[in-house]
Amino acid sequence: MKVKTFFVELSKIVLGGIIALAILTLFCMVYYNVPIRYICEDGVTDCIRKPNKFYSRGTEGFACGKTNNEGYNNLFDYNENMQVDILVMGSSNMEAYQISMEESVSSRLNALLKNYTVYNVGMDGHSFTICANNLEAAISKYEPSKYVIIETTSVHFSEEDLINAINGTVPEISSYSGGIIGFLQRNPYLRLINAQRGILMEGKEEIINTKIFKQENIISRKSVEILLEENTDVLLDIENREKTNDKINIITAADEKYICRESGGNAYINVKDTDKNEDLVNKLIQKMSDIVQVCGAKLIIAYHPRTVLNEDGSLSLMNDSKEICDFSRLCKDNGVYFLDMSNRYIEEYTKNYIIPNGFNNTSIGSGHMNKYGHAMMADELYKLIEGEE
Amino acid sequence: MSFASFEFVIFFFCIIVGTLFIQNRFSDRVKEIFLLIASYFFYGYWDWRFCFLLLFVTISSYFTARNVQKKLFYILGILIPLIVLGFFKYFDFFLSSVSVIIGNNWQLLRIVLPVGISFYTFQALSYVIDVHRGKIEVENDFIKIALYLSFFPQLVAGPIVRASDFLPQLHEERKVTAINIKQGIQLFVFGLFKKLVLADHISVFVDDVFRWPMAFHWATIFLAVISYSIQIYLDFSGYSDMAVGCAKCLGYDFKYNFNLPYISQNVTEFWHRWHISLSTWLKEYLYIPLGGNRKGRANYFFNLFLTMLLGGLWHGADWTFVFWGALNGLALCFDKILPDRKRKSIFFQMVDIVITFFFITFTWIFFRADTFTQAWLIIKGIFTFQTGIIQPFFWSFIGIAAVSFCTIIAFIKTKSNTISDTNGFYPIVNLSRVTGWAIFFVFIGLILGLAYIGEQPFIYFQF
């Protein structure tokens, strides 16, 4: 009798568990339903999402949509007869699963540049050196006639990453589409649990890093107000960043020890390397420029620094103006356009208190680019392209 | 270890299995010793050295209570826990305050605050005083006293369990049963949901705004202040639910610590519904011995004010807490001055609820702020209609909606036209049915999927 009761109770628990999983799966079909990634055979990116798949994501902002026939986030499908004028490459910021499809950089550029077709192959984890590694395959497939835009949150790379990118030996990002993890990820709820596990394992380091982080270049409305009170000959001139930054750095006593760096598909806040690796950076940019020029296009590197709020209400950029200047110069020397979003970010914060990163369900200013960040970048890219045309 | 950690899940599972094994084979004595060792392990997981402090308070309470009819022992029974509390919690605060007044720059001792010291010292005091008053018999069994003071579900952040409530349970046959586990685990999960899914997510926004008050738009700051009211309620009531649930699993009953505090129509009612174990403790062991309402109106107001002032200080060694207590004390006095309003209309009851909520929310600013400057920046930001970042934080609205929804359900369940008759409830489902299990698993699934991943300690751990 006891055995029978036990099995009856157990079957109720199991059945209850199955029903609960079904309910949670339904919930996650709306809340967190990011398509699984597969290996990208043509090498344009290391991996692609499942094509023509509905997606939704509510963990950071909220957006839903459908991947195109190639598994990328575009409002239209790709076909072989299509003439791609501008190819957009980059990481999760360009993949733009945090905002609606119409608000992404590529969609906005498509709307702004009516005569051009802008195609987005941005994919989660594809930081600058990985994009550089895949550039040749991307050019060979899409043959963009006008521009290739590569987005990056950092211009600070380790020697190892640079050498790998130059030699084409950057380790590929795993898709995790096979095996038991791949199988489990087919269920949206289990994908969410896996994402939570990922944050748990990796997030702690980032939290610690964020806490210890001190900013380098600091400029903001409030800091400038203080500055103006103390020194009336310093004018608020956004274009004159170097001068203003120097003054504000004195006020905020910024620590120059830390820097934002991208590697292996992730962004880190690290102790700054002492080596500048200028030769290697130059070689990489030269190589990328040569690849792009094969199809007669031009390369644009769109740099958008990470932002951090300070206790006095000012906004900081995680960058190093000297390094940006050096990078910008190397780009210019190799015929590559370098778009630095720093000024625009500061201008928007100063005038409208708009921060390019963060969402209504995350910490202020942290995480991916929001719709304002995308709009700013699209606007700046549009200005640059219009200016050149 | 925190209730909201994997370590605790493993620990608690071992305790349940261990207690089940012991209760069927050995005497209650062995079970008590097992729970005592487990409780000290739980406490020592933070810092094993403080186990000795807990033991010291236990020994002093045990021996002084045995001789409590002698005045010296009674005084010692009260003084020792107070000195322990005073030294570890208030010495640096006292030193820094005095040094500011006299202009000296004294070196602070930087004493580490032992987790839960405010709670177990108050429990020790209540035991000695209750024995002295003859409310309970002196407990001759040291193990029982030690278990009462260290019992892990209530050890670090309450509720402040009274000896008269807990010690008799140790003399009864209390067992881990399927019914107890089914009820207790649901209470625990309910509390965990409040903490990890709602309170912790809201804390992200509140922390941001309190850290950078100058950066935000006044409406955002206002939302953050409201959000903190919701956060602290969900955080602390969540912890209390978990404590009650843990104890229930092991066969022991704690009184509930919260009863829908934000439907209070005045501050007096609020303190009957918020942190009930502390309010009743302060009333019985501080307010009444001070004279209560017996020695004239001036003394009555003074006693009320002083009780709340000290209640504020109990929360933390900082002038912001003292000020928070003083505000509540003044509000209590003001309540007594007002004529007794016997309004029947729901509308006026709602008006009173809103006024009380906003007053309590205003006082929380001082509770949350690290300094008066920070509190001032928050208040100034709201009242000067500061411009800045606009952030309509999603989880704040979810938290407000969740609390409002549960309150409305409670009101409907009470079936009364008077809101003050409304009592809180726990969504306990029938786990002998498949639907019950399904709902329970959905709750657990939502916690796993939606929990904020980050180190957010319980707010009341710092007290």
# chains A, B, ... in the order shown; residues from 1 in each chain; ligands from 1

call {"tool": "residues_around", "arguments": {"residues": "Met341 in chain A", "least_positions_apart": "5", "cutoff": "8 Å", "atoms": "only C-alpha atoms", "output": "ChimeraX atom specification"}}
result
/A:302-305,377,380

call {"tool": "closest_atom_pairs", "arguments": {"of": "chain B", "to": "chain A", "cutoff": "8 Å", "atoms": "only C-alpha atoms", "output": "CSV"}}
result
residue,atom,partner,partner_atom,distance
B:Val204,CA,A:Ser363,CA,5.8
B:Phe205,CA,A:Ser363,CA,6.2
B:Asp208,CA,A:Ile364,CA,6.7
B:Arg211,CA,A:Glu311,CA,6.1
B:Trp212,CA,A:Glu311,CA,4.8
B:Pro213,CA,A:Gly313,CA,7.0
B:Met214,CA,A:Gly313,CA,4.9
B:Ala215,CA,A:Gly313,CA,4.0
B:Phe216,CA,A:Gly313,CA,7.8
B:Gly388,CA,A:Tyr353,CA,5.4
B:Ile389,CA,A:Tyr353,CA,5.1
B:Ile390,CA,A:Tyr353,CA,7.9
B:Gln391,CA,A:Asn360,CA,6.1
B:Pro392,CA,A:Asn360,CA,6.0
B:Phe393,CA,A:Asn360,CA,4.8
B:Phe394,CA,A:Asn361,CA,5.1
B:Trp395,CA,A:Asn361,CA,6.3
B:Ser432,CA,A:Glu9,CA,7.4
B:Arg433,CA,A:Lys12,CA,6.8
B:Val434,CA,A:Lys12,CA,5.0
B:Thr435,CA,A:Gly16,CA,6.3
B:Gly436,CA,A:Gly16,CA,7.5
B:Trp437,CA,A:Gly16,CA,4.8
B:Ala438,CA,A:Gly16,CA,4.0
B:Ile439,CA,A:Ala20,CA,6.8
B:Phe441,CA,A:Ala20,CA,5.6
B:Val442,CA,A:Ala20,CA,5.0
B:Gly445,CA,A:Leu24,CA,6.9
B:Leu446,CA,A:Leu24,CA,7.5
B:Leu448,CA,A:Ile193,CA,6.7
B:Gly449,CA,A:Ile193,CA,5.5
B:Ile453,CA,A:Leu200,CA,6.0
B:Gly454,CA,A:Lys204,CA,6.9

call {"tool": "residues_around", "arguments": {"residues": "range 129-141 of chain B", "least_positions_apart": "2", "cutoff": "9 Å", "atoms": "only C-alpha atoms", "output": "short mmCIF file (atom, residue, chain, number, x, y, z; two decimals) with C-alpha atoms, in the first residue's frame"}}
result
data_model
loop_
_atom_site.label_atom_id
_atom_site.label_comp_id
_atom_site.auth_asym_id
_atom_site.auth_seq_id
_atom_site.Cartn_x
_atom_site.Cartn_y
_atom_site.Cartn_z
CA TYR B 62 21.42 31.14 30.65
CA ALA B 65 18.16 33.96 34.01
CA ARG B 66 18.64 31.14 36.50
CA VAL B 68 17.25 36.49 37.80
CA GLN B 69 15.37 37.17 41.03
CA TYR B 74 18.95 40.65 36.44
CA GLY B 77 21.37 39.69 32.22
CA ILE B 78 20.32 42.94 30.60
CA ALA B 124 18.46 37.19 24.84
CA LEU B 125 17.07 40.29 26.55
CA SER B 126 13.48 39.19 26.06
CA TYR B 127 14.26 35.82 27.63
CA ILE B 143 20.83 23.22 24.88
CA LYS B 144 17.30 24.58 24.59
CA ILE B 145 18.40 28.13 25.41
CA ALA B 146 21.31 27.86 23.00
CA ALA B 163 11.22 32.95 24.32
CA SER B 164 7.58 32.54 25.38
CA LEU B 167 10.80 27.56 24.19
CA TYR B 285 10.48 45.87 26.59
#

call {"tool": "residues_around", "arguments": {"residues": "Ile16 in chain B", "least_positions_apart": "6", "cutoff": "12 Å", "atoms": "only C-alpha atoms", "output": "PyMOL selection string"}}
result
chain B and resi 8-10+22-23+31+34-35+38+175-178+180-181+184-185+246-251

call {"tool": "closest_atom_pairs", "arguments": {"of": "range 30-93 of chain A", "to": "range 157-179 of chain A", "cutoff": "7 Å", "atoms": "only C-alpha atoms", "output": "tab-separated table"}}
result
residue	atom	partner	partner_atom	distance
A:Ile36	CA	A:Ser177	CA	6.8
A:Arg37	CA	A:Ser175	CA	5.2
A:Tyr38	CA	A:Ser175	CA	5.3
A:Ile39	CA	A:Ser175	CA	5.9
A:Asp46	CA	A:Ile173	CA	5.9
A:Cys47	CA	A:Ser175	CA	6.0

call {"tool": "write_last_selection", "arguments": {"atoms": "N, CA and C atoms", "output": "PDB file, in the first residue's frame"}}
result
ATOM      1  N   ILE A  36      18.689  29.516 -31.709  1.00  0.00           N
ATOM      2  CA  ILE A  36      19.947  28.813 -31.458  1.00  0.00           C
ATOM      3  C   ILE A  36      20.960  29.166 -32.566  1.00  0.00           C
ATOM      4  N   ARG A  37      22.251  29.127 -32.212  1.00  0.00           N
ATOM      5  CA  ARG A  37      23.284  29.466 -33.201  1.00  0.00           C
ATOM      6  C   ARG A  37      23.859  28.194 -33.820  1.00  0.00           C
ATOM      7  N   TYR A  38      24.148  28.288 -35.118  1.00  0.00           N
ATOM      8  CA  TYR A  38      24.784  27.175 -35.826  1.00  0.00           C
ATOM      9  C   TYR A  38      26.088  27.673 -36.446  1.00  0.00           C
ATOM     10  N   ILE A  39      26.941  26.725 -36.789  1.00  0.00           N
ATOM     11  CA  ILE A  39      28.199  27.102 -37.454  1.00  0.00           C
ATOM     12  C   ILE A  39      27.872  27.693 -38.826  1.00  0.00           C
ATOM     13  N   ASP A  46      31.343  33.537 -37.582  1.00  0.00           N
ATOM     14  CA  ASP A  46      31.679  32.208 -37.056  1.00  0.00           C
ATOM     15  C   ASP A  46      30.434  31.349 -36.915  1.00  0.00           C
ATOM     16  N   CYS A  47      29.329  32.003 -36.585  1.00  0.00           N
ATOM     17  CA  CYS A  47      28.081  31.265 -36.436  1.00  0.00           C
ATOM     18  C   CYS A  47      26.902  32.145 -36.853  1.00  0.00           C
TER      19      CYS A  47
END

call {"tool": "residues_around", "arguments": {"residues": "range 220-232 of chain B", "least_positions_apart": "4", "cutoff": "7 Å", "atoms": "only C-alpha atoms", "output": "PyMOL selection string"}}
result
chain B and resi 199+202-203+205-206+209+216+236+361+364-365+378+382+390-392+396+399-400

call {"tool": "write_last_selection", "arguments": {"atoms": "N, CA and C atoms", "output": "short mmCIF file (atom, residue, chain, number, x, y, z; two decimals), in the first residue's frame"}}
result
data_model
loop_
_atom_site.label_atom_id
_atom_site.label_comp_id
_atom_site.auth_asym_id
_atom_site.auth_seq_id
_atom_site.Cartn_x
_atom_site.Cartn_y
_atom_site.Cartn_z
N ALA B 199 12.58 42.07 -5.49
CA ALA B 199 13.38 43.04 -4.72
C ALA B 199 14.76 43.28 -5.33
N ILE B 202 14.62 45.38 -8.50
CA ILE B 202 14.32 46.79 -8.17
C ILE B 202 15.56 47.46 -7.57
N SER B 203 16.32 46.68 -6.81
CA SER B 203 17.50 47.26 -6.15
C SER B 203 18.49 47.83 -7.16
N PHE B 205 17.91 49.53 -9.84
CA PHE B 205 17.48 50.89 -10.16
C PHE B 205 17.66 51.82 -8.95
N VAL B 206 17.22 51.34 -7.80
CA VAL B 206 17.31 52.17 -6.58
C VAL B 206 18.78 52.50 -6.29
N VAL B 209 20.08 55.22 -8.67
CA VAL B 209 19.58 56.58 -8.41
C VAL B 209 20.17 57.14 -7.11
N PHE B 216 19.77 62.32 -12.37
CA PHE B 216 18.45 61.87 -12.83
C PHE B 216 17.38 62.96 -12.81
N PHE B 236 12.59 42.35 2.89
CA PHE B 236 12.54 41.95 4.30
C PHE B 236 11.39 40.97 4.55
N THR B 361 7.20 56.47 2.79
CA THR B 361 8.15 56.48 1.68
C THR B 361 9.17 57.60 1.84
N TRP B 364 11.71 56.61 4.33
CA TRP B 364 12.67 55.60 3.83
C TRP B 364 13.87 56.25 3.15
N ILE B 365 13.72 57.47 2.66
CA ILE B 365 14.86 58.14 2.01
C ILE B 365 16.04 58.19 2.99
N ILE B 378 18.51 63.72 -2.94
CA ILE B 378 17.32 63.02 -3.42
C ILE B 378 16.09 63.92 -3.26
N ILE B 382 13.85 65.95 -6.30
CA ILE B 382 12.41 65.82 -6.55
C ILE B 382 11.72 67.18 -6.49
N ILE B 390 15.92 60.18 -17.76
CA ILE B 390 14.59 59.63 -17.49
C ILE B 390 14.68 58.11 -17.63
N GLN B 391 14.28 57.42 -16.59
CA GLN B 391 14.38 55.96 -16.58
C GLN B 391 13.11 55.36 -15.97
N PRO B 392 12.11 55.06 -16.80
CA PRO B 392 10.91 54.40 -16.26
C PRO B 392 11.20 52.91 -16.06
N SER B 396 10.27 48.14 -11.39
CA SER B 396 9.57 48.90 -10.35
C SER B 396 8.07 48.76 -10.55
N GLY B 399 6.97 45.32 -9.56
CA GLY B 399 6.92 45.21 -8.09
C GLY B 399 5.67 45.89 -7.53
N ILE B 400 5.40 47.10 -8.01
CA ILE B 400 4.22 47.83 -7.53
C ILE B 400 2.95 47.05 -7.89
#

call {"tool": "select_by_dssp", "arguments": {"residues": "range 64-290 of chain B", "states": "helix (DSSP H, G or I)", "output": "ChimeraX atom specification"}}
result
/B:64-66,71-102,117-133,142-150,152-155,163-170,178-211,213-215,218-249,261-263,267-273,276-290

call {"tool": "closest_residue", "arguments": {"among": "B:Leu147, B:Asp92, B:Asn104, B:Lys71", "to": "Tyr40 in chain B", "atoms": "only C-alpha atoms"}}
result
B:Leu147

call {"tool": "residues_around", "arguments": {"residues": "Cys51 in chain B", "least_positions_apart": "3", "cutoff": "12 Å", "atoms": "only C-alpha atoms", "output": "PyMOL selection string"}}
result
chain B and resi 36-48+54-58+114-117+120+146+149-150+155

call {"tool": "residues_around", "arguments": {"residues": "range 142-150 of chain A", "least_positions_apart": "6", "cutoff": "8 Å", "atoms": "only C-alpha atoms", "output": "MDAnalysis selection string"}}
result
chainID A and resid 83:90 128 131 292 295:302
